[in-house]
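K.L.:
Pasting upload-v5.txt here (compact mmCIF, C-alpha atoms):
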```txt
# COMPACT_ATOMS: atom_id res chain seq x y z
CA MET A 1 -20.44 -116.43 70.89
CA ALA A 2 -22.51 -113.34 70.15
CA LYS A 3 -25.08 -113.59 67.38
CA GLN A 4 -24.16 -111.83 64.19
CA ILE A 5 -26.44 -108.87 63.52
CA THR A 6 -27.63 -108.19 59.99
CA LYS A 7 -27.99 -104.49 59.24
CA ILE A 8 -29.13 -102.52 56.23
CA LEU A 9 -27.86 -98.96 55.81
CA SER A 10 -30.01 -97.02 53.37
CA PHE A 11 -30.27 -93.42 52.17
CA LEU A 12 -33.69 -91.88 51.59
CA GLY A 13 -34.08 -89.11 49.03
CA PHE A 14 -36.54 -86.26 48.48
CA ASN A 15 -38.14 -87.33 45.17
CA SER A 16 -41.79 -88.27 44.75
CA TYR A 17 -41.19 -91.98 44.23
CA GLN A 18 -43.29 -94.05 41.87
CA VAL A 19 -44.59 -97.53 42.53
CA THR A 20 -42.58 -100.21 40.76
CA GLU A 21 -41.83 -103.89 41.17
CA TYR A 22 -38.31 -104.30 42.56
CA GLN A 23 -36.53 -107.54 41.72
CA HIS A 24 -34.14 -109.30 44.15
CA PRO A 25 -30.55 -109.16 42.76
CA THR A 26 -30.03 -112.95 42.76
CA LYS A 27 -33.35 -114.66 43.55
CA SER A 28 -36.71 -114.85 41.81
CA ILE A 29 -38.32 -112.64 44.45
CA SER A 30 -39.91 -109.26 43.84
CA LEU A 31 -42.03 -106.68 45.65
CA LYS A 32 -44.21 -103.88 44.32
CA THR A 33 -43.64 -100.67 46.30
CA LYS A 34 -42.64 -97.02 45.91
CA TYR A 35 -39.88 -97.34 48.52
CA TYR A 36 -36.91 -99.56 47.79
CA GLN A 37 -36.28 -99.83 51.54
CA GLU A 38 -39.51 -101.80 51.87
CA ALA A 39 -38.31 -104.24 49.22
CA LEU A 40 -34.97 -104.62 51.02
CA ALA A 41 -36.71 -105.39 54.30
CA GLU A 42 -38.77 -108.05 52.54
CA PHE A 43 -35.80 -109.54 50.69
CA TYR A 44 -33.30 -109.71 53.56
CA GLN A 45 -35.31 -109.54 56.83
CA PRO A 46 -32.53 -107.66 58.67
CA ASP A 47 -32.31 -107.18 62.43
CA LYS A 48 -31.88 -103.43 62.02
CA MET A 49 -32.41 -100.93 59.24
CA TYR A 50 -30.73 -97.52 59.43
CA ILE A 51 -32.34 -94.82 57.29
CA PHE A 52 -30.08 -91.82 56.62
CA LEU A 53 -32.02 -88.56 56.41
CA THR A 54 -31.24 -84.98 55.56
CA PRO A 55 -33.41 -82.42 57.41
CA LYS A 56 -35.28 -81.81 54.16
CA VAL A 57 -36.05 -85.49 53.58
CA GLU A 58 -37.09 -85.94 57.19
CA ASN A 59 -39.46 -82.98 57.43
CA GLU A 60 -40.53 -81.64 54.03
CA CYS A 61 -43.15 -83.06 51.69
CA PRO A 62 -42.01 -84.02 48.19
CA GLY A 63 -43.84 -83.05 45.02
CA HIS A 64 -44.94 -79.77 43.49
CA LYS A 65 -48.16 -77.72 43.80
CA GLU A 66 -51.24 -79.94 43.36
CA LYS A 67 -49.03 -83.06 43.28
CA LYS A 68 -47.37 -82.23 46.57
CA GLU A 69 -47.65 -85.10 49.04
CA ASP A 70 -49.10 -84.58 52.50
CA ARG A 71 -46.21 -86.11 54.44
CA SER A 72 -42.46 -86.39 54.12
CA ASN A 73 -40.90 -89.48 52.57
CA TRP A 74 -39.49 -90.40 55.97
CA HIS A 75 -42.82 -90.34 57.76
CA GLN A 76 -44.48 -92.36 55.01
CA LEU A 77 -41.68 -94.94 54.97
CA GLU A 78 -41.50 -95.15 58.76
CA GLU A 79 -45.19 -95.95 58.97
CA ARG A 80 -45.05 -98.62 56.24
CA LEU A 81 -42.01 -100.36 57.73
CA ALA A 82 -43.37 -100.29 61.29
CA GLU A 83 -46.68 -101.78 60.14
CA LYS A 84 -45.28 -104.48 57.87
CA PHE A 85 -42.05 -105.41 59.69
CA PRO A 86 -42.61 -105.06 63.45
CA ASN A 87 -39.62 -107.29 64.22
CA ILE A 88 -37.15 -105.06 62.38
CA GLU A 89 -35.69 -102.20 64.39
CA ILE A 90 -35.94 -99.04 62.28
CA VAL A 91 -33.32 -96.42 63.22
CA PRO A 92 -33.38 -92.94 61.65
CA VAL A 93 -29.95 -91.36 61.21
CA LYS A 94 -30.79 -87.67 61.17
CA ASN A 95 -29.10 -84.42 60.19
CA ILE A 96 -27.19 -85.82 57.24
CA PRO A 97 -25.59 -82.78 55.56
CA GLU A 98 -27.07 -81.67 52.27
CA ARG A 99 -23.97 -80.01 50.83
CA ASN A 100 -21.09 -81.83 49.12
CA SER A 101 -17.96 -80.56 50.84
CA PRO A 102 -15.12 -82.84 52.05
CA GLU A 103 -16.23 -82.10 55.60
CA ASP A 104 -19.73 -83.38 54.75
CA ILE A 105 -18.28 -86.59 53.35
CA TRP A 106 -16.44 -87.28 56.60
CA THR A 107 -19.52 -86.39 58.63
CA ILE A 108 -21.53 -89.02 56.75
CA PHE A 109 -18.67 -91.50 57.03
CA ASN A 110 -18.54 -91.05 60.80
CA LYS A 111 -22.31 -91.49 61.07
CA VAL A 112 -21.99 -94.76 59.15
CA ASN A 113 -19.26 -95.81 61.56
CA GLU A 114 -21.53 -95.12 64.54
CA CYS A 115 -24.09 -97.58 63.18
CA LEU A 116 -21.68 -100.49 63.02
CA GLU A 117 -20.21 -102.91 65.52
CA GLU A 118 -17.58 -105.61 65.31
CA GLY A 119 -18.80 -108.68 63.46
CA ASP A 120 -21.89 -107.11 61.85
CA ARG A 121 -23.24 -108.35 58.53
CA VAL A 122 -24.04 -105.24 56.50
CA ILE A 123 -25.87 -104.35 53.29
CA PHE A 124 -25.38 -100.85 51.87
CA ASP A 125 -28.19 -99.41 49.78
CA ILE A 126 -27.24 -96.42 47.59
CA THR A 127 -30.38 -96.40 45.43
CA HIS A 128 -31.68 -93.04 46.65
CA SER A 129 -28.34 -91.66 47.76
CA PHE A 130 -27.43 -88.09 47.03
CA ARG A 131 -24.32 -86.32 45.81
CA SER A 132 -21.26 -87.73 47.59
CA VAL A 133 -22.90 -90.74 49.24
CA PRO A 134 -21.70 -93.31 46.65
CA ILE A 135 -18.15 -92.18 47.43
CA VAL A 136 -18.81 -92.62 51.12
CA ALA A 137 -20.24 -96.08 50.46
CA LEU A 138 -17.14 -97.15 48.54
CA LEU A 139 -14.92 -95.83 51.32
CA ALA A 140 -17.00 -97.55 53.97
CA VAL A 141 -17.08 -100.90 52.20
CA SER A 142 -13.31 -100.91 51.76
CA TYR A 143 -12.53 -99.56 55.22
CA PHE A 144 -14.89 -101.42 57.52
CA ARG A 145 -14.19 -104.85 56.08
CA VAL A 146 -10.60 -104.49 57.26
CA VAL A 147 -10.77 -102.29 60.35
CA ARG A 148 -14.01 -103.47 61.96
CA ASN A 149 -14.10 -107.11 60.82
CA ILE A 150 -17.48 -106.47 59.26
CA ALA A 151 -18.93 -108.72 56.57
CA ILE A 152 -20.24 -106.61 53.70
CA GLU A 153 -23.07 -108.65 52.18
CA GLY A 154 -23.97 -106.27 49.37
CA LEU A 155 -23.74 -102.81 47.84
CA LEU A 156 -27.16 -102.52 46.26
CA TYR A 157 -28.70 -100.22 43.70
CA GLY A 158 -32.34 -100.42 42.64
CA ALA A 159 -32.08 -99.27 39.02
CA PHE A 160 -35.44 -97.59 38.36
CA GLU A 161 -34.11 -96.13 35.11
CA ALA A 162 -33.45 -99.69 33.86
CA LYS A 163 -37.08 -100.76 34.40
CA GLU A 164 -38.55 -103.08 31.79
CA ASN A 165 -42.15 -104.29 31.66
CA GLY A 166 -42.79 -102.79 35.06
CA ILE A 167 -39.89 -104.70 36.67
CA THR A 168 -37.05 -102.70 38.24
CA PRO A 169 -33.80 -104.70 38.53
CA THR A 170 -31.51 -104.54 41.53
CA PHE A 171 -27.76 -104.58 40.96
CA ASP A 172 -25.24 -105.69 43.57
CA LEU A 173 -22.16 -103.55 42.96
CA LEU A 174 -20.01 -105.33 45.53
CA PRO A 175 -18.11 -107.39 42.90
CA VAL A 176 -17.02 -104.10 41.32
CA VAL A 177 -15.72 -102.93 44.69
CA ARG A 178 -13.52 -106.03 44.76
CA LEU A 179 -11.32 -104.17 42.28
CA PHE A 180 -10.02 -102.25 45.29
CA ASP A 181 -8.76 -105.54 46.72
CA TRP A 182 -6.94 -106.32 43.49
CA LEU A 183 -5.49 -102.82 43.30
CA THR A 184 -4.29 -102.90 46.90
CA ALA A 185 -2.79 -106.38 46.62
CA THR A 186 -1.04 -105.61 43.33
CA ASP A 187 0.27 -102.31 44.63
CA GLN A 188 1.67 -104.08 47.68
CA PHE A 189 3.39 -106.65 45.46
CA LEU A 190 4.87 -103.99 43.18
CA LYS A 191 6.08 -101.76 46.00
CA THR A 192 7.34 -104.33 48.49
CA GLY A 193 7.62 -107.70 46.77
CA ASN A 194 5.03 -109.14 49.16
CA GLY A 195 2.62 -110.97 46.87
CA GLN A 196 0.75 -113.06 49.42
CA ASP A 197 -2.53 -111.13 49.16
CA LEU A 198 -2.41 -111.01 45.36
CA ALA A 199 -1.60 -114.73 45.21
CA GLN A 200 -4.58 -115.50 47.45
CA LEU A 201 -6.96 -113.49 45.26
CA LEU A 202 -5.72 -115.35 42.20
CA GLN A 203 -5.92 -118.72 43.91
CA GLU A 204 -9.51 -118.05 44.98
CA ALA A 205 -10.66 -116.76 41.58
CA GLU A 206 -12.43 -119.10 39.20
CA GLY A 207 -10.72 -120.64 36.20
CA HIS A 208 -7.06 -121.00 35.31
CA THR A 209 -5.70 -118.48 37.78
CA GLN A 210 -4.36 -120.90 40.40
CA ALA A 211 -1.05 -121.38 38.58
CA LEU A 212 -0.53 -117.63 38.30
CA GLY A 213 -1.24 -117.21 42.01
CA ASP A 214 1.25 -119.96 42.81
CA ARG A 215 3.86 -118.33 40.59
CA ILE A 216 3.48 -114.91 42.18
CA LEU A 217 3.77 -116.54 45.60
CA GLU A 218 7.02 -118.20 44.46
CA ILE A 219 8.45 -114.86 43.38
CA SER A 220 7.30 -113.18 46.59
CA GLN A 221 8.69 -115.83 48.90
CA GLY A 222 11.90 -116.03 46.90
CA LEU A 223 12.42 -112.29 47.31
CA GLN A 224 11.58 -112.35 51.00
CA LEU A 225 13.80 -115.33 51.79
CA LEU A 226 16.72 -114.31 49.56
CA ARG A 227 16.45 -117.09 46.99
CA PRO A 228 17.55 -115.36 43.78
CA MET A 229 17.71 -118.57 41.75
CA ASP A 230 14.09 -119.36 42.66
CA VAL A 231 13.06 -115.80 41.77
CA MET A 232 14.71 -116.04 38.34
CA THR A 233 13.06 -119.37 37.54
CA ALA A 234 9.61 -118.23 38.69
CA ALA A 235 9.90 -114.90 36.86
CA ALA A 236 10.80 -116.72 33.65
CA ALA A 237 7.55 -118.72 33.85
CA LEU A 238 5.42 -115.68 34.73
CA PRO A 239 4.47 -114.50 31.19
CA GLU A 240 3.08 -117.91 30.19
CA ASP A 241 1.06 -118.18 33.40
CA ILE A 242 -0.37 -114.72 32.77
CA GLU A 243 -1.40 -115.57 29.22
CA GLN A 244 -3.21 -118.70 30.39
CA ALA A 245 -4.99 -116.79 33.16
CA LYS A 246 -6.04 -113.75 31.12
CA PRO A 247 -9.36 -115.09 29.77
CA ASP A 248 -10.59 -116.02 33.24
CA LEU A 249 -9.28 -112.85 34.85
CA GLY A 250 -11.13 -110.86 32.21
CA LYS A 251 -14.37 -112.30 33.59
CA VAL A 252 -13.52 -111.83 37.28
CA VAL A 253 -11.96 -108.37 37.16
CA PRO A 254 -11.63 -106.99 33.61
CA PRO A 255 -9.26 -104.05 34.30
CA PHE A 256 -6.72 -106.35 35.96
CA GLU A 257 -4.92 -107.01 32.66
CA MET A 258 -3.33 -103.56 32.84
CA LEU A 259 -2.09 -104.34 36.34
CA LEU A 260 -0.60 -107.60 35.12
CA ASN A 261 1.43 -105.67 32.57
CA ARG A 262 2.95 -103.72 35.45
CA VAL A 263 3.77 -106.96 37.25
CA VAL A 264 5.64 -108.22 34.19
CA ASP A 265 7.50 -104.93 33.83
CA GLU A 266 8.55 -105.04 37.49
CA TYR A 267 9.60 -108.67 37.80
CA GLY A 268 10.39 -109.64 34.23
CA GLN A 269 13.87 -108.18 34.72
CA PHE A 270 14.68 -111.15 36.99
CA ALA A 271 13.57 -113.81 34.51
CA LEU A 272 16.10 -116.50 33.61
CA GLU A 273 15.56 -120.15 32.85
CA GLU A 274 18.04 -122.56 34.47
CA PRO A 275 19.96 -119.90 36.42
CA GLN A 276 21.96 -122.57 38.25
CA ASN A 277 23.52 -123.68 34.98
CA TYR A 278 26.55 -121.42 35.38
CA GLN A 279 28.33 -122.97 32.41
CA ASP A 280 25.75 -121.52 30.03
CA ASN A 281 23.96 -118.88 32.10
CA GLY A 282 26.53 -117.69 34.64
CA LYS A 283 26.92 -114.20 33.25
CA ALA A 284 23.17 -113.72 32.86
CA ALA A 285 22.57 -115.01 36.40
CA LEU A 286 25.04 -112.48 37.77
CA GLN A 287 23.30 -109.71 35.83
CA LYS A 288 19.91 -110.73 37.23
CA GLN A 289 21.30 -110.89 40.77
CA LEU A 290 22.70 -107.40 40.35
CA PHE A 291 19.27 -106.19 39.20
CA GLU A 292 17.78 -107.81 42.28
CA ILE A 293 20.28 -106.12 44.62
CA GLU A 294 19.40 -102.74 43.11
CA TRP A 295 15.69 -103.60 43.35
CA TYR A 296 16.02 -104.42 47.05
CA ALA A 297 17.80 -101.14 47.70
CA LYS A 298 15.22 -99.16 45.76
CA LYS A 299 12.39 -100.74 47.77
CA GLY A 300 14.12 -99.98 51.07
CA LEU A 301 14.87 -103.67 51.72
CA ASP A 302 18.42 -102.91 52.81
CA VAL A 303 19.07 -106.14 54.71
CA GLN A 304 18.33 -108.22 51.63
CA ALA A 305 20.35 -105.88 49.39
CA ILE A 306 23.43 -106.07 51.61
CA SER A 307 23.15 -109.83 52.07
CA LEU A 308 22.85 -110.58 48.36
CA ALA A 309 25.61 -108.08 47.52
CA ARG A 310 27.93 -109.96 49.87
CA GLU A 311 27.14 -113.23 48.06
CA TRP A 312 27.48 -111.68 44.61
CA LEU A 313 31.26 -111.25 44.81
CA PRO A 314 32.10 -114.94 45.51
CA SER A 315 29.58 -115.87 42.79
CA LEU A 316 31.41 -113.58 40.37
CA LEU A 317 34.70 -115.34 41.07
CA CYS A 318 33.02 -118.75 40.71
CA TYR A 319 31.89 -117.66 37.26
CA HIS A 320 35.41 -116.47 36.37
CA PHE A 321 37.01 -119.77 37.40
CA GLU A 322 34.11 -121.83 35.93
CA LEU A 323 33.25 -123.34 39.31
CA ASP A 324 29.96 -124.38 40.86
CA PRO A 325 28.66 -121.42 42.92
CA MET A 326 26.47 -123.79 44.96
CA ASP A 327 29.40 -125.75 46.36
CA LYS A 328 30.16 -124.70 49.95
CA GLN A 329 33.88 -125.45 49.80
CA THR A 330 34.23 -123.57 46.53
CA ARG A 331 32.52 -120.50 47.97
CA GLU A 332 34.83 -120.54 50.98
CA GLU A 333 37.80 -120.50 48.60
CA MET A 334 36.33 -117.57 46.70
CA GLU A 335 35.71 -115.68 49.95
CA ILE A 336 39.40 -116.04 50.80
CA LEU A 337 40.22 -114.61 47.38
CA CYS A 338 37.93 -111.67 48.12
CA CYS A 339 40.20 -111.00 51.12
CA GLY A 340 43.26 -111.03 48.85
CA GLY A 341 43.97 -114.76 48.68
CA LYS A 342 45.01 -115.45 52.25
CA VAL A 343 43.29 -115.26 55.63
CA GLY A 344 45.57 -115.92 58.61
CA ASP A 345 47.37 -119.18 57.93
CA ARG A 346 44.89 -120.30 55.30
CA GLU A 347 45.67 -119.68 51.67
CA SER A 348 43.25 -120.29 48.83
CA ILE A 349 44.17 -123.03 46.40
CA TYR A 350 43.27 -120.56 43.64
CA ARG A 351 45.55 -117.80 44.89
CA SER A 352 48.16 -118.16 42.18
CA GLN A 353 45.50 -118.14 39.47
CA TYR A 354 43.86 -115.16 41.11
CA LYS A 355 47.10 -113.20 41.02
CA GLU A 356 47.22 -113.65 37.26
CA ILE A 357 44.12 -111.48 36.97
CA GLU A 358 44.70 -107.82 36.24
CA GLN A 359 45.50 -106.07 39.53
CA SER A 360 42.98 -103.26 39.06
CA LYS A 361 40.18 -105.82 38.72
CA ARG A 362 41.28 -107.69 41.84
CA LYS A 363 41.65 -104.48 43.77
CA THR A 364 38.01 -103.45 43.18
CA ILE A 365 36.81 -106.69 44.77
CA ASN A 366 39.25 -106.67 47.67
CA GLN A 367 38.49 -103.02 48.41
CA LEU A 368 34.74 -103.53 48.57
CA TRP A 369 34.95 -106.78 50.53
CA ASN A 370 37.44 -105.95 53.23
CA ASN A 371 38.38 -102.27 53.37
CA PRO A 372 36.74 -99.01 54.44
CA PRO A 373 34.44 -97.33 53.76
CA CYS A 374 32.26 -100.33 52.82
CA LYS A 375 33.82 -103.44 54.35
CA LEU A 376 30.98 -105.45 52.82
CA ALA A 377 31.66 -108.74 54.61
CA ASN A 378 31.73 -107.02 57.98
CA LEU A 379 28.67 -104.89 57.19
CA ARG A 380 26.62 -107.96 56.28
CA ASN A 381 27.51 -109.52 59.65
CA ASP A 382 26.66 -106.29 61.46
CA VAL A 383 23.22 -106.20 59.84
CA LEU A 384 22.35 -109.87 60.26
CA HIS A 385 23.45 -109.85 63.90
CA SER A 386 20.93 -107.06 64.45
CA GLY A 387 23.61 -104.69 65.78
CA PHE A 388 24.42 -106.94 68.75
CA ARG A 389 28.16 -106.34 68.64
CA LYS A 390 30.71 -103.75 69.66
CA ASN A 391 30.38 -100.43 67.85
CA PRO A 392 27.56 -101.37 65.45
CA LYS A 393 26.83 -99.05 62.56
CA THR A 394 23.92 -96.68 62.86
CA VAL A 395 20.94 -96.90 60.51
CA ALA A 396 22.10 -93.78 58.68
CA GLU A 397 25.59 -95.22 58.25
CA ILE A 398 24.20 -98.49 56.89
CA LYS A 399 22.00 -96.71 54.36
CA ASN A 400 24.80 -94.43 53.21
CA THR A 401 27.21 -97.34 52.94
CA LEU A 402 24.71 -99.32 50.88
CA GLN A 403 24.66 -96.56 48.27
CA GLU A 404 28.44 -96.73 48.05
CA ILE A 405 28.23 -100.52 47.73
CA LEU A 406 25.83 -100.23 44.79
CA GLN A 407 28.19 -97.88 42.98
CA GLN A 408 31.16 -100.15 43.54
CA LEU A 409 29.24 -103.26 42.50
CA ASN A 410 28.38 -101.64 39.19
CA GLN A 411 32.00 -100.62 38.69
CA ILE A 412 33.09 -104.20 39.37
CA ALA A 413 30.43 -105.56 37.02
CA VAL A 414 31.74 -103.30 34.24
CA ALA A 415 35.40 -104.11 34.96
CA TRP A 416 34.70 -107.85 34.94
CA GLU A 417 32.54 -107.50 31.80
CA ILE A 418 29.34 -108.68 33.43
CA ILE A 419 27.49 -105.57 32.27
CA ASP A 420 28.38 -103.05 29.58
CA LYS A 421 29.91 -99.73 30.50
CA PRO A 422 27.23 -97.03 30.59
CA SER A 423 27.27 -94.92 27.42
```
With the file now loaded, output its structure as structure tokens.
P.N.:
Amino acid sequence: MAKQITKILSFLGFNSYQVTEYQHPTKSISLKTKYYQEALAEFYQPDKMYIFLTPKVENECPGHKEKKEDRSNWHQLEERLAEKFPNIEIVPVKNIPERNSPEDIWTIFNKVNECLEEGDRVIFDITHSFRSVPIVALLAVSYFRVVRNIAIEGLLYGAFEAKENGITPTFDLLPVVRLFDWLTATDQFLKTGNGQDLAQLLQEAEGHTQALGDRILEISQGLQLLRPMDVMTAAAALPEDIEQAKPDLGKVVPPFEMLLNRVVDEYGQFALEEPQNYQDNGKAALQKQLFEIEWYAKKGLDVQAISLAREWLPSLLCYHFELDPMDKQTREEMEILCCGGKVGDRESIYRSQYKEIEQSKRKTINQLWNNPPCKLANLRNDVLHSGFRKNPKTVAEIKNTLQEILQQLNQIAVAWEIIDKPS
């Protein structure tokens, strides 16, 4: 296995730097120097140190008139590093652009990329960076961790302006960059229902965030595996888990509270305690399932939308007849009713009761279930069999049919008084 290489990427500026005592960000170590790069070399003893240089920094002497120095910052720093740290390979990265255009940003980004290899351990120093470099550093930290499997050890800033009693503190800004991870994971959960990354961040955070991570994972897995009852139960417990986790999340990533509000807005619509208790909660459970079907369709999760829509109609009839929707035999009887009450030689034992229902209400169900253009039962089979059948529907036909299904489901829900008629 190849040895991991530790690298420091640092940007050298044009100022006439003053001597100060730089403090290590986490240890009781300090070094008095005018160049923060020298302190970094002492603190971390890297294998390589890349110094990014504009032509001006490389060649021109800083200062003004009688205070003008006799050599450029680069030549002074190069000499000091070579003398004090002979085992560290010092690599100048030249011709860094001095303007601030988008093209310059990508030029710098590409030069950073050229310095890195798979598996590197990297520290970014933005202390003497100029103009757009902090943006490049943020991009690089977020990008290379994922794409190049690079371990970012720090995003450091030697805060000369915060000097007290001759000591200049060093701040590691990497924890702030972690906000990108939270944003990305939350955005993924909100847009797709996949909450695995967000759950992992919560589970790894300190304090009372484990339960919230577990809850989000329950919702995510319930949505992915078509378990609407599990989703309702988990969503009902979500607000309490969030309240318990808020104090600790405020310490780990303060702005995350606003993101949590979006999570509640998105998934709170599914919340229902004891959704399997159809005697008391049957109507509410059907409403929540309808919300979930529409949510699936909105997110482009058409397979889940069609599958749950197909199950919604037998569940509706179970609710009407006050039957257990979890009983397999009962659902088979309701499916026969969806076909009109009789399939071949088999007649539902509830057929006579079903015929007592207003014909227009029965017709809406039978039309959606068994007749063109939707033929919901057949469409569900087409989708779940991955099109391996004679004359499968095209993707465009499936998507168009799903929109028709959503319209008809809402009409049925109004007719059967599951939801109110739109005003």
K.L.:
Please tell me which residues are no farther than 12 Å from (41.6, -111.1, 54.3) in the file, counting all atoms listed in the file, and write them as a ChimeraX atom specification.
P.N.:
/A:333-348,365-371,375,377-378
K.L.:
Determine the nearest neighbour of Ala82 in chain A from the options A:Val112, A:Gln269, A:Glu38, A:Cys318, counting all atoms listed in the file.
P.N.:
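Among the listed residues, A:Glu38 lies closest to Ala82 in chain A.
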K.L.:
Select, counting all atoms listed in the file, all protein, DNA and RNA residues no farther than 12 Å from (-39.5, -81.8, 55.3) in file coordinates, and express the selection as a list in words.
P.N.:
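Counting all atoms listed in the file, I find these residues within 12 Å of (-39.5, -81.8, 55.3): Gly13, Phe14, Asn15, Leu53, Thr54, Pro55, Lys56, Val57, Glu58, Asn59, Glu60, Cys61, Pro62, Gly63, Lys68, Glu69, Asp70, Arg71, Ser72, Asn73, Trp74, His75, Gln76 and Asn95 of chain A.
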K.L.:
Mind pulling up the distance from CA of Pro275 in chain A to CA of Met229 in chain A?
P.N.:
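These atoms are spaced 5.9 Å apart.
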K.L.:
In Å, with one decimal, what is the gap from CA of Pro373 in chain A to CA of Glu404 in chain A?
P.N.:
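Value for the CA of Pro373 in chain A-CA of Glu404 in chain A distance: 8.3 Å.
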K.L.:
From the list A:Pro175, A:Pro46, A:Lys7, A:Ala211, which residue is nearest Cys115 in chain A when using all atoms listed in the file?
P.N.:
A:Lys7
K.L.:
Excluding Leu402 in chain A and any residue of its chain fewer than 5 positions from it, enumerate the residues within 12 Å of it, using all atoms listed in the file, and give them as an MDAnalysis selection string.
P.N.:
chainID A and resid 293:294 296:298 300:310 368 373:376 379:380 383 393 395:397 407:409
K.L.:
Excluding Ile105 in chain A and its own-chain neighbours fewer than 4 positions away, which residues fall within 9 Å of it when counting all atoms listed in the file? Please give them as a PyMOL selection string.
P.N.:
chain A and resi 97+100-101+109-110+132-133+135-136
K.L.:
Keeping C-alpha atoms, export the residues of the selection given above as a PDB file, in the frame of the given file.
P.N.:
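Output file again25.pdb follows:
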```pdb
ATOM      1  CA  PRO A  97     -25.590 -82.780  55.560  1.00  0.00           C
ATOM      2  CA  ASN A 100     -21.090 -81.830  49.120  1.00  0.00           C
ATOM      3  CA  SER A 101     -17.960 -80.560  50.840  1.00  0.00           C
ATOM      4  CA  PHE A 109     -18.670 -91.500  57.030  1.00  0.00           C
ATOM      5  CA  ASN A 110     -18.540 -91.050  60.800  1.00  0.00           C
ATOM      6  CA  SER A 132     -21.260 -87.730  47.590  1.00  0.00           C
ATOM      7  CA  VAL A 133     -22.900 -90.740  49.240  1.00  0.00           C
ATOM      8  CA  ILE A 135     -18.150 -92.180  47.430  1.00  0.00           C
ATOM      9  CA  VAL A 136     -18.810 -92.620  51.120  1.00  0.00           C
TER      10      VAL A 136
END
```
K.L.:
Set the distance at 10 Å and use all atoms listed in the file: which residues neighbour Ala205 in chain A once local chain neighbours fewer than 2 positions away are removed? I'd like the list as JSON, numbers by chain.
P.N.:
{"A": [199, 200, 201, 202, 203, 207, 208, 209, 210, 213, 248, 249, 251, 252, 253]}
K.L.:
Using only C-alpha atoms, find the one residue out of A:Ala237, A:Ile29, A:Met326, A:Ile412 that sits nearest to Ile167 in chain A.
P.N.:
A:Ile29
K.L.:
Which residue, A:Asn381, A:Gln224, A:Ser315, A:Ser30, has the smallest gap to Glu42 in chain A when you use all atoms listed in the file?
P.N.:
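Answer, going by the shortest atom-to-atom distance: A:Ser30.
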K.L.:
Tell me which of A:Gly268, A:Ile8, A:Lys65, A:Tyr36 sits closest to Met49 in chain A, counting only C-alpha atoms.
P.N.:
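Checking each of A:Gly268, A:Ile8, A:Lys65, A:Tyr36 against Met49 in chain A, counting only C-alpha atoms, the winner is A:Ile8.
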